[in-house]
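Asker: The structure's right below; bear with me while I get my questions together.
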Amino acid sequence: MRALGEVWLIHTGGGSSFVLDGGATGAGVTGVDISGNFLVYGSGGTGHGVYARAVHRSKIKINVRGAGTEFAGLYSEWCVLTAFYYVISSNEGGLYNTPAKGIHLTQRGAGEETSYCLFHNPIVEGVIDGIYLDGALGNIFVGGASTIVTGK
């Protein structure tokens with residue numbers, strides 16, 4: 001999926017704004033390529049800005065401009081060897097709704113951690129908790145920033 005120009009994805013209902021779901025069981029999906037200038041807008045009533053589960057050996061480039069207040073801008077559950085080019089920033093166009101976490105990496109089940117993903121120059125600004133890891137293994141963050149984070 002490629003954006004030609006700036007593409008706004010606006011979600012005002014319940015659930016996550018942008019979902020990449022390889023499934024609750026099974027091997028997941030590989031080779032997903034999302035690039036261009038996608039802007040994901042979630043309201044206070046939505047879930048995660050981007051929900052990625054069981055996505056492997058893929059490339060995801062996305063800019064989140066809002067998500068539910070109890071959720072994450074990017075929630076990754078058992079993504080493996082995936083390159084993320086990710087921005088959630090109060091300084092780049094503003095946040096229309098501020099989520100609790102900028103990035104949340106976790107596992108789908110025992111032994112299925114989000115692992116060996118590359119976060120290329122991630123920008124996480126203006127959220128409560130910048131980067132939250134509770135089921136993550138060997139992920140690499142190259143460059144980027146996690147600033148204006150108000151959590152503990």
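Going by the structure tokens order, chains are called A, B, ..., each with residues numbered from 1, while ligands are numbered from 1 in the order shown.
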Considering only C-alpha atoms, return as a PyMOL selection string whatever protein or nucleic-acid residues lie within 12 Å of Pro99 in chain A, sequence-local ones (same chain, fewer than 5 positions apart) excluded.
Answerer: chain A and resi 16+41-50+64-75+88-90+104+124-131+149-151
Asker: Kindly save the residues from that selection, with C-alpha atoms included, as a CSV table (one decimal), in the first residue's frame.
Answerer:
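That gives us part-v5.csv:
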chain,number,residue,atom,x,y,z
A,16,SER,CA,-8.1,0.7,16.5
A,41,TYR,CA,-6.1,10.3,13.0
A,42,GLY,CA,-7.9,8.6,15.9
A,43,SER,CA,-10.3,10.3,18.4
A,44,GLY,CA,-10.6,9.9,22.1
A,45,GLY,CA,-13.0,7.0,21.6
A,46,THR,CA,-10.7,4.9,19.4
A,47,GLY,CA,-8.2,2.3,20.4
A,48,HIS,CA,-4.6,2.2,19.2
A,49,GLY,CA,-3.5,4.4,16.3
A,50,VAL,CA,-1.9,1.4,14.6
A,64,VAL,CA,0.0,8.8,13.9
A,65,ARG,CA,-1.8,12.0,14.8
A,66,GLY,CA,-4.1,10.6,17.5
A,67,ALA,CA,-5.3,7.5,19.3
A,68,GLY,CA,-7.5,6.7,22.3
A,69,THR,CA,-6.3,8.1,25.6
A,70,GLU,CA,-5.8,4.7,27.2
A,71,PHE,CA,-4.0,3.2,24.2
A,72,ALA,CA,-0.8,3.5,22.1
A,73,GLY,CA,0.0,5.3,18.9
A,74,LEU,CA,1.7,2.1,17.7
A,75,TYR,CA,0.9,-1.2,19.3
A,88,ILE,CA,3.8,10.4,16.6
A,89,SER,CA,4.5,14.0,17.5
A,90,SER,CA,2.9,17.0,19.1
A,104,HIS,CA,4.0,-0.4,22.9
A,124,VAL,CA,7.8,10.0,19.8
A,125,GLU,CA,6.8,13.3,21.3
A,126,GLY,CA,4.1,14.7,23.5
A,127,VAL,CA,2.7,11.4,24.9
A,128,ILE,CA,2.6,10.1,28.5
A,129,ASP,CA,4.9,7.1,28.1
A,130,GLY,CA,7.2,7.3,25.1
A,131,ILE,CA,8.3,3.7,24.5
A,149,VAL,CA,7.1,12.5,27.6
A,150,THR,CA,5.2,13.2,30.8
A,151,GLY,CA,5.1,9.7,32.3
Asker: Once you count only C-alpha atoms, what closest atom pair and distance in Å to one decimal does each residue of range 35-70 of chain A within 12 Å of range 109-122 of chain A have, with rows by chain and rising residue number, as a tab-separated table?
Answerer:
residue	atom	partner	partner_atom	distance
A:Ala52	CA	A:Thr114	CA	10.1
A:Arg53	CA	A:Thr114	CA	9.0
A:Ala54	CA	A:Thr114	CA	8.6
A:Val55	CA	A:Thr114	CA	9.4
A:His56	CA	A:Cys117	CA	8.9
A:Arg57	CA	A:Cys117	CA	8.6
A:Ser58	CA	A:Cys117	CA	9.4
A:Lys59	CA	A:Leu118	CA	9.4
A:Ile60	CA	A:Phe119	CA	9.8
A:Lys61	CA	A:His120	CA	9.6
A:Ile62	CA	A:Pro122	CA	10.3
A:Asn63	CA	A:Pro122	CA	10.0
A:Val64	CA	A:Pro122	CA	11.6
Asker: Output N, CA and C atoms for every residue in the selection just made, as an mmCIF file, in the first residue's frame.
Answerer:
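Below is the file selection18.cif, written as the result:
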data_model
loop_
_atom_site.group_PDB
_atom_site.id
_atom_site.type_symbol
_atom_site.label_atom_id
_atom_site.label_comp_id
_atom_site.auth_asym_id
_atom_site.auth_seq_id
_atom_site.Cartn_x
_atom_site.Cartn_y
_atom_site.Cartn_z
ATOM 1 N N ALA A 52 -0.663 -3.642 15.100
ATOM 2 C CA ALA A 52 0.013 -4.608 14.229
ATOM 3 C C ALA A 52 0.225 -5.897 15.008
ATOM 4 N N ARG A 53 -0.378 -6.996 14.530
ATOM 5 C CA ARG A 53 -0.226 -8.292 15.188
ATOM 6 C C ARG A 53 0.218 -9.325 14.165
ATOM 7 N N ALA A 54 1.281 -10.062 14.523
ATOM 8 C CA ALA A 54 1.781 -11.177 13.706
ATOM 9 C C ALA A 54 2.131 -10.725 12.288
ATOM 10 N N VAL A 55 2.877 -9.628 12.200
ATOM 11 C CA VAL A 55 3.352 -9.099 10.918
ATOM 12 C C VAL A 55 4.865 -9.273 10.900
ATOM 13 N N HIS A 56 5.369 -10.025 9.931
ATOM 14 C CA HIS A 56 6.779 -10.397 9.899
ATOM 15 C C HIS A 56 7.436 -9.970 8.587
ATOM 16 N N ARG A 57 8.736 -9.676 8.680
ATOM 17 C CA ARG A 57 9.554 -9.315 7.515
ATOM 18 C C ARG A 57 8.820 -8.335 6.603
ATOM 19 N N SER A 58 8.451 -7.226 7.188
ATOM 20 C CA SER A 58 7.650 -6.226 6.482
ATOM 21 C C SER A 58 8.223 -4.838 6.699
ATOM 22 N N LYS A 59 7.635 -3.845 6.021
ATOM 23 C CA LYS A 59 8.042 -2.446 6.145
ATOM 24 C C LYS A 59 6.786 -1.610 6.354
ATOM 25 N N ILE A 60 6.772 -0.863 7.457
ATOM 26 C CA ILE A 60 5.606 -0.049 7.784
ATOM 27 C C ILE A 60 6.065 1.379 8.046
ATOM 28 N N LYS A 61 5.606 2.294 7.214
ATOM 29 C CA LYS A 61 5.912 3.714 7.388
ATOM 30 C C LYS A 61 4.600 4.442 7.609
ATOM 31 N N ILE A 62 4.466 5.051 8.799
ATOM 32 C CA ILE A 62 3.184 5.663 9.129
ATOM 33 C C ILE A 62 3.377 6.764 10.174
ATOM 34 N N ASN A 63 2.496 7.757 10.133
ATOM 35 C CA ASN A 63 2.530 8.898 11.037
ATOM 36 C C ASN A 63 1.187 8.934 11.761
ATOM 37 N N VAL A 64 1.220 8.789 13.080
ATOM 38 C CA VAL A 64 -0.017 8.785 13.864
ATOM 39 C C VAL A 64 -0.244 10.170 14.450
#
Asker: Which of these residues is nearest to Gly28 in chain A, using only C-alpha atoms: A:Val40, A:Gly14, A:Val80, A:Met1?
Answerer: A:Val80
Asker: Just checking: using only C-alpha atoms, which residue out of A:Gly36, A:Gly22, A:Gly102, A:Gly94 ends up closest to Cys79 in chain A?
Answerer: A:Gly22
Asker: Taking only range 1-55 of chain A into account, list the residues labelled strand (DSSP E) by DSSP (computed from the backbone), as a VMD selection string.
Answerer: chain A and resid 2 to 11 18 to 21 29 to 30 33 to 42 50 to 53 55
Asker: Enter the distance from CA of Leu9 in chain A to CA of Glu92 in chain A, in Å, rounded to one decimal.
Answerer: 16.3 Å
Asker: Report the distance between CA of Trp78 in chain A and CA of Glu6 in chain A in Å, rounded to one decimal place.
Answerer: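 Rounded to one decimal, the two atoms are 28.9 Å apart.
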